[in-house]
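Q: To be precise about what I am sending: the file is called start_36.cif and holds mmCIF, C-alpha atoms.
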data_query
#
loop_
_atom_site.group_PDB
_atom_site.id
_atom_site.type_symbol
_atom_site.label_atom_id
_atom_site.label_comp_id
_atom_site.auth_asym_id
_atom_site.auth_seq_id
_atom_site.Cartn_x
_atom_site.Cartn_y
_atom_site.Cartn_z
ATOM 1 C CA MET A 563 -39.311 17.632 7.384
ATOM 2 C CA LYS A 564 -39.359 17.467 3.600
ATOM 3 C CA LYS A 565 -36.844 14.605 3.570
ATOM 4 C CA PHE A 566 -38.956 12.727 6.099
ATOM 5 C CA SER A 567 -42.049 13.074 3.871
ATOM 6 C CA ILE A 568 -40.115 11.778 0.864
ATOM 7 C CA ILE A 569 -38.866 8.780 2.799
ATOM 8 C CA ILE A 570 -42.408 7.976 4.015
ATOM 9 C CA CYS A 571 -43.716 8.190 0.437
ATOM 10 C CA ILE A 572 -40.999 5.885 -0.829
ATOM 11 C CA LEU A 573 -41.765 3.358 1.905
ATOM 12 C CA ILE A 574 -45.508 3.456 1.149
ATOM 13 C CA VAL A 575 -44.872 2.943 -2.569
ATOM 14 C CA GLY A 576 -42.543 0.069 -1.713
ATOM 15 C CA PHE A 577 -45.139 -1.641 0.465
ATOM 16 C CA LEU A 578 -47.906 -1.154 -2.088
ATOM 17 C CA SER A 579 -45.824 -2.372 -5.016
ATOM 18 C CA SER A 580 -44.662 -5.491 -3.173
ATOM 19 C CA GLY A 581 -47.960 -7.122 -4.163
ATOM 20 C CA LEU A 582 -46.771 -6.983 -7.775
ATOM 21 C CA MET A 583 -43.989 -9.426 -6.993
ATOM 22 C CA ALA A 584 -46.217 -12.486 -6.988
ATOM 23 C CA GLY A 585 -49.273 -13.544 -8.963
ATOM 24 C CA GLN A 586 -50.428 -12.092 -12.270
ATOM 25 C CA VAL A 587 -49.516 -8.752 -13.766
ATOM 26 C CA TYR A 588 -51.984 -7.230 -16.217
ATOM 27 C CA THR A 589 -51.157 -4.697 -18.922
ATOM 28 C CA TRP A 590 -54.255 -2.985 -20.299
ATOM 29 C CA THR A 591 -55.476 0.177 -21.999
ATOM 30 C CA ASP A 592 -58.567 2.065 -20.842
ATOM 31 C CA GLU A 593 -61.104 3.819 -23.105
ATOM 32 C CA ASN A 594 -59.015 7.037 -23.006
ATOM 33 C CA GLY A 595 -55.927 5.201 -24.345
ATOM 34 C CA ASN A 596 -53.985 5.243 -21.054
ATOM 35 C CA LEU A 597 -51.752 2.247 -20.415
ATOM 36 C CA HIS A 598 -52.114 0.552 -17.005
ATOM 37 C CA VAL A 599 -49.965 -2.122 -15.395
ATOM 38 C CA THR A 600 -51.624 -3.662 -12.339
ATOM 39 C CA ASP A 601 -51.983 -6.852 -10.384
ATOM 40 C CA THR A 602 -55.766 -6.616 -10.423
ATOM 41 C CA PRO A 603 -57.815 -7.720 -13.420
ATOM 42 C CA PRO A 604 -58.786 -4.859 -15.783
ATOM 43 C CA PRO A 605 -62.375 -3.568 -16.083
ATOM 44 C CA ALA A 606 -64.575 -5.185 -18.702
ATOM 45 C CA LYS A 607 -64.493 -2.187 -21.102
ATOM 46 C CA SER A 608 -60.691 -2.123 -21.401
ATOM 47 C CA LYS A 609 -58.470 -3.861 -23.920
ATOM 48 C CA VAL A 610 -56.086 -6.392 -22.324
ATOM 49 C CA LYS A 611 -52.670 -6.205 -23.961
ATOM 50 C CA ASP A 612 -50.787 -8.777 -21.947
ATOM 51 C CA THR A 613 -51.059 -10.939 -18.857
ATOM 52 C CA LEU A 614 -47.932 -12.185 -17.182
ATOM 53 C CA GLU A 615 -47.985 -15.094 -14.779
ATOM 54 C CA TYR A 616 -45.296 -14.995 -12.120
ATOM 55 C CA GLN A 617 -44.241 -18.332 -10.739
ATOM 56 C CA GLU A 618 -41.935 -18.480 -7.779
ATOM 57 C CA LYS A 619 -38.900 -20.695 -8.104
ATOM 58 C CA THR A 620 -38.775 -23.914 -6.139
ATOM 59 C CA ALA A 621 -35.926 -24.604 -3.748
ATOM 60 C CA ALA A 622 -34.432 -27.079 -6.235
ATOM 61 C CA GLU A 623 -34.555 -24.490 -9.043
ATOM 62 C CA ILE A 624 -32.930 -21.880 -6.822
ATOM 63 C CA GLN A 625 -30.227 -24.364 -5.842
ATOM 64 C CA GLU A 626 -29.616 -25.206 -9.517
ATOM 65 C CA LEU A 627 -29.323 -21.514 -10.404
ATOM 66 C CA LYS A 628 -26.863 -20.978 -7.554
ATOM 67 C CA HIS A 629 -24.865 -24.006 -8.698
ATOM 68 C CA ARG A 630 -24.726 -22.716 -12.294
ATOM 69 C CA LYS A 631 -23.635 -19.292 -11.097
ATOM 70 C CA SER A 632 -20.960 -20.859 -8.904
ATOM 71 C CA THR A 633 -19.738 -22.999 -11.810
ATOM 72 C CA ARG A 634 -19.519 -19.939 -14.103
ATOM 73 C CA GLU A 635 -17.591 -18.000 -11.453
ATOM 74 C CA ASP A 636 -15.202 -20.937 -10.989
ATOM 75 C CA GLN A 637 -14.621 -21.153 -14.728
ATOM 76 C CA LYS A 638 -13.947 -17.412 -14.943
ATOM 77 C CA SER A 639 -11.561 -17.643 -12.005
ATOM 78 C CA ARG A 640 -9.659 -20.581 -13.514
ATOM 79 C CA GLU A 641 -9.465 -18.791 -16.868
ATOM 80 C CA SER A 642 -8.123 -15.662 -15.185
ATOM 81 C CA ILE A 643 -5.493 -17.675 -13.319
ATOM 82 C CA ARG A 644 -4.525 -19.477 -16.530
ATOM 83 C CA ARG A 645 -4.117 -16.162 -18.376
ATOM 84 C CA GLN A 646 -1.974 -14.833 -15.528
ATOM 85 C CA ALA A 647 0.153 -17.996 -15.669
ATOM 86 C CA ASP A 648 0.573 -17.624 -19.434
ATOM 87 C CA ALA A 649 1.561 -13.970 -19.033
ATOM 88 C CA ALA A 650 4.060 -14.904 -16.304
ATOM 89 C CA ALA A 651 5.537 -17.624 -18.536
ATOM 90 C CA LYS A 652 5.866 -15.107 -21.366
ATOM 91 C CA ARG A 653 7.599 -12.616 -19.042
ATOM 92 C CA ALA A 654 9.925 -15.407 -17.885
ATOM 93 C CA ALA A 655 10.840 -16.280 -21.469
ATOM 94 C CA GLU A 656 11.510 -12.623 -22.267
ATOM 95 C CA ALA A 657 13.611 -12.233 -19.118
ATOM 96 C CA ASP A 658 15.572 -15.350 -20.072
ATOM 97 C CA GLN A 659 16.260 -13.925 -23.529
ATOM 98 C CA ASP A 660 17.335 -10.629 -21.948
ATOM 99 C CA ALA A 661 19.676 -12.516 -19.618
ATOM 100 C CA GLN A 662 21.214 -14.443 -22.509
ATOM 101 C CA ALA A 663 21.691 -11.240 -24.501
ATOM 102 C CA ALA A 664 23.248 -9.522 -21.473
ATOM 103 C CA GLY A 665 25.562 -12.504 -20.981
ATOM 104 C CA GLN A 666 26.642 -12.285 -24.599
ATOM 105 C CA ARG A 667 27.280 -8.531 -24.265
ATOM 106 C CA SER A 668 29.316 -9.239 -21.135
ATOM 107 C CA ALA A 669 31.420 -11.837 -22.929
ATOM 108 C CA ASP A 670 31.945 -9.405 -25.811
ATOM 109 C CA ALA A 671 32.986 -6.647 -23.374
ATOM 110 C CA TYR A 672 35.532 -8.941 -21.686
ATOM 111 C CA GLU A 673 36.856 -10.001 -25.065
ATOM 112 C CA ASN A 674 37.205 -6.337 -26.015
ATOM 113 C CA ALA A 675 38.981 -5.620 -22.687
ATOM 114 C CA MET A 676 41.410 -8.460 -23.296
ATOM 115 C CA ARG A 677 42.023 -7.262 -26.862
ATOM 116 C CA THR A 678 42.657 -3.749 -25.534
ATOM 117 C CA TYR A 679 45.057 -5.101 -22.918
ATOM 118 C CA SER A 680 46.920 -7.236 -25.427
ATOM 119 C CA THR A 681 47.172 -4.309 -27.854
ATOM 120 C CA TYR A 682 48.171 -1.598 -25.366
ATOM 121 C CA GLY A 683 49.559 -3.483 -22.417
ATOM 122 C CA ARG A 684 52.417 -5.566 -23.796
ATOM 123 C CA THR A 685 55.145 -3.396 -22.369
ATOM 124 C CA LYS A 686 55.371 -1.444 -19.167
ATOM 125 C CA ASP A 687 55.617 1.845 -21.053
ATOM 126 C CA LYS A 688 52.495 1.130 -23.135
ATOM 127 C CA ARG A 689 50.586 -0.013 -20.050
ATOM 128 C CA LYS A 690 51.485 3.250 -18.317
ATOM 129 C CA LYS A 691 50.609 5.347 -21.379
ATOM 130 C CA PHE A 692 47.250 3.608 -22.102
ATOM 131 C CA LYS A 693 46.331 2.848 -18.489
ATOM 132 C CA LYS A 694 43.044 4.803 -18.645
ATOM 133 C CA ARG A 695 41.943 3.138 -21.884
ATOM 134 C CA ILE A 696 42.711 -0.334 -20.487
ATOM 135 C CA ARG A 697 40.966 0.484 -17.193
ATOM 136 C CA ARG A 698 37.906 1.821 -19.056
ATOM 137 C CA ALA A 699 37.652 -1.384 -21.119
ATOM 138 C CA PHE A 700 37.784 -3.546 -17.974
ATOM 139 C CA ASP A 701 35.281 -1.266 -16.171
ATOM 140 C CA GLN A 702 32.903 -1.633 -19.102
ATOM 141 C CA ALA A 703 33.346 -5.411 -18.975
ATOM 142 C CA GLU A 704 32.593 -5.449 -15.227
ATOM 143 C CA ALA A 705 29.508 -3.260 -15.728
ATOM 144 C CA ALA A 706 28.301 -5.585 -18.490
ATOM 145 C CA GLN A 707 28.866 -8.552 -16.159
ATOM 146 C CA ALA A 708 26.820 -6.835 -13.423
ATOM 147 C CA ARG A 709 23.968 -6.166 -15.887
ATOM 148 C CA ALA A 710 24.128 -9.802 -17.017
ATOM 149 C CA SER A 711 23.933 -11.002 -13.399
ATOM 150 C CA GLU A 712 20.966 -8.719 -12.743
ATOM 151 C CA ALA A 713 19.210 -9.950 -15.893
ATOM 152 C CA ALA A 714 19.842 -13.570 -14.876
ATOM 153 C CA GLU A 715 18.359 -12.896 -11.420
ATOM 154 C CA ASN A 716 15.310 -11.237 -13.018
ATOM 155 C CA ALA A 717 14.919 -14.299 -15.256
ATOM 156 C CA ARG A 718 15.089 -16.633 -12.230
ATOM 157 C CA GLN A 719 12.457 -14.599 -10.401
ATOM 158 C CA ALA A 720 10.192 -14.518 -13.463
ATOM 159 C CA GLN A 721 10.558 -18.300 -13.883
ATOM 160 C CA ALA A 722 9.743 -18.852 -10.206
ATOM 161 C CA GLU A 723 6.660 -16.644 -10.537
ATOM 162 C CA ALA A 724 5.577 -18.520 -13.669
ATOM 163 C CA ARG A 725 6.014 -21.887 -11.905
ATOM 164 C CA GLY A 726 3.954 -20.640 -8.946
ATOM 165 C CA ARG A 727 1.166 -19.365 -11.182
ATOM 166 C CA ARG A 728 1.213 -22.592 -13.206
ATOM 167 C CA LYS A 729 0.815 -24.615 -9.990
ATOM 168 C CA ARG A 730 -2.084 -22.399 -8.882
ATOM 169 C CA SER A 731 -3.774 -22.755 -12.263
ATOM 170 C CA LYS A 732 -3.592 -26.548 -11.920
ATOM 171 C CA GLY A 733 -4.586 -26.454 -8.245
ATOM 172 C CA PRO A 734 -7.551 -28.268 -6.720
ATOM 173 C CA ARG A 735 -10.950 -27.556 -8.174
ATOM 174 C CA ARG A 736 -13.624 -26.113 -5.946
ATOM 175 C CA ALA A 737 -15.627 -28.888 -4.302
ATOM 176 C CA GLU A 738 -19.035 -29.523 -5.793
ATOM 177 C CA SER A 739 -22.039 -28.723 -3.659
ATOM 178 C CA ILE A 740 -23.301 -31.655 -1.599
ATOM 179 C CA ASN A 741 -26.919 -30.474 -1.859
ATOM 180 C CA GLN A 742 -27.244 -31.064 -5.579
#
Starting from the coordinates I provided, produce the structure as structure tokens.

A:
Amino acid sequence: MKKFSIIICILIVGFLSSGLMAGQVYTWTDENGNLHVTDTPPPAKSKVKDTLEYQEKTAAEIQELKHRKSTREDQKSRESIRRQADAAAKRAAEADQDAQAAGQRSADAYENAMRTYSTYGRTKDKRKKFKKRIRRAFDQAEAAQARASEAAENARQAQAEARGRRKRSKGPRRAESINQ
């Protein structure tokens, strides 16, 4: 019951205050120093502090405001897409550098494996004796090659993402409103 009474009071206040939405709003002080804000003119004995005149917007003004808001939202959207494209391009460049570095490490690992083989694998006896060391060097070279391949694939994916975001950032602009 209490909630129902509160809801009724809120609705009554809402209906009574809806008259303040249009017309003039007066701010005045009575003889006791109390501040009043009303839509009715103040009594003659009071001091008027301020009178506000509310003017409703015309349809053209409302349309112009909507158009400005739409334009601002479009600009924010394009800026966001451009920033995302720039970030994707930066990630692509970093991934490309990582892939190049991984490729260089792979080449170095294979060179080291070949050096190990040429040092320890010249004769059958040495190959048998240093078989684990030679195998480890070639395993490291293969692992480095796998990491280089993975880094190159990551770079390709990052470049594809950057190209896609770049295309979206240069995509068609939102059509202007016909009712301008």

Q: Find the residues near region 697-712 of chain A: any atom within 12 Å, counting all atoms listed in the file, skip ones fewer than 3 places away on the same chain, and give them as a PyMOL selection string.

A: chain A and resi 657-680+682-683+689-694+715-719

Q: Which is closer to Arg653 (chain A) than all the others in A:Ile570, A:Ala724, A:Leu597, A:Ala713, using all atoms listed in the file?

A: A:Ala724

Q: With 4 Å added on each side, what axis-aligned box encloses every listed atom of region 685-693 of chain A? Give the centre and edge lengths in Å to one decimal, as lines of an AutoDock Vina configuration file.

A:
center_x = 51.0
center_y = 1.0
center_z = -20.7
size_x = 17.3
size_y = 16.7
size_z = 12.8

Q: CA of Ala649 (chain A) and CA of Ser731 (chain A) are how many Å apart?

A: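 Pair CA of Ala649 (chain A) / CA of Ser731 (chain A) returns 12.3 Å.
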
Q: Work out how far apart CA of Arg730 (chain A) and CA of Lys628 (chain A) are and give it in Å to one decimal.

A: 24.9 Å

Q: With a distance cut-off of 8 Å and all atoms listed in the file, select the neighbouring residues of Arg727 (chain A), excluding the residue or stretch itself and same-chain residues fewer than 5 positions from it, and output the selection as a list in words.

A: Ile643, Arg644, Gln646, Ala647 and Ala650 of chain A

Q: Between CA of Gln617 (chain A) and CA of Val599 (chain A), what distance in Å does the model show, to one decimal?

A: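 Between these atoms lies a distance of 17.8 Å.
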
Q: Skip Pro605 (chain A) itself and residues of its chain fewer than 3 positions away, then list as a list in words all residues within 12 Å of it, counting all atoms listed in the file.

A: Tyr588, Thr589, Trp590, Thr591, Asp592, Glu593, His598, Thr600, Thr602, Ser608, Lys609 and Val610 of chain A

Q: Would you please work out which residue, of A:Gln586, A:Thr685, A:Thr620, A:Gln721, is nearest to Ala651 (chain A) when using only C-alpha atoms?

A: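 Of A:Gln586, A:Thr685, A:Thr620, A:Gln721, the one nearest Ala651 (chain A), counting only C-alpha atoms, is A:Gln721.
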
Q: Could you check which of A:Val587, A:Thr633, A:Arg645, A:Arg684 is closest to Asp601 (chain A), using all atoms listed in the file?

A: A:Val587
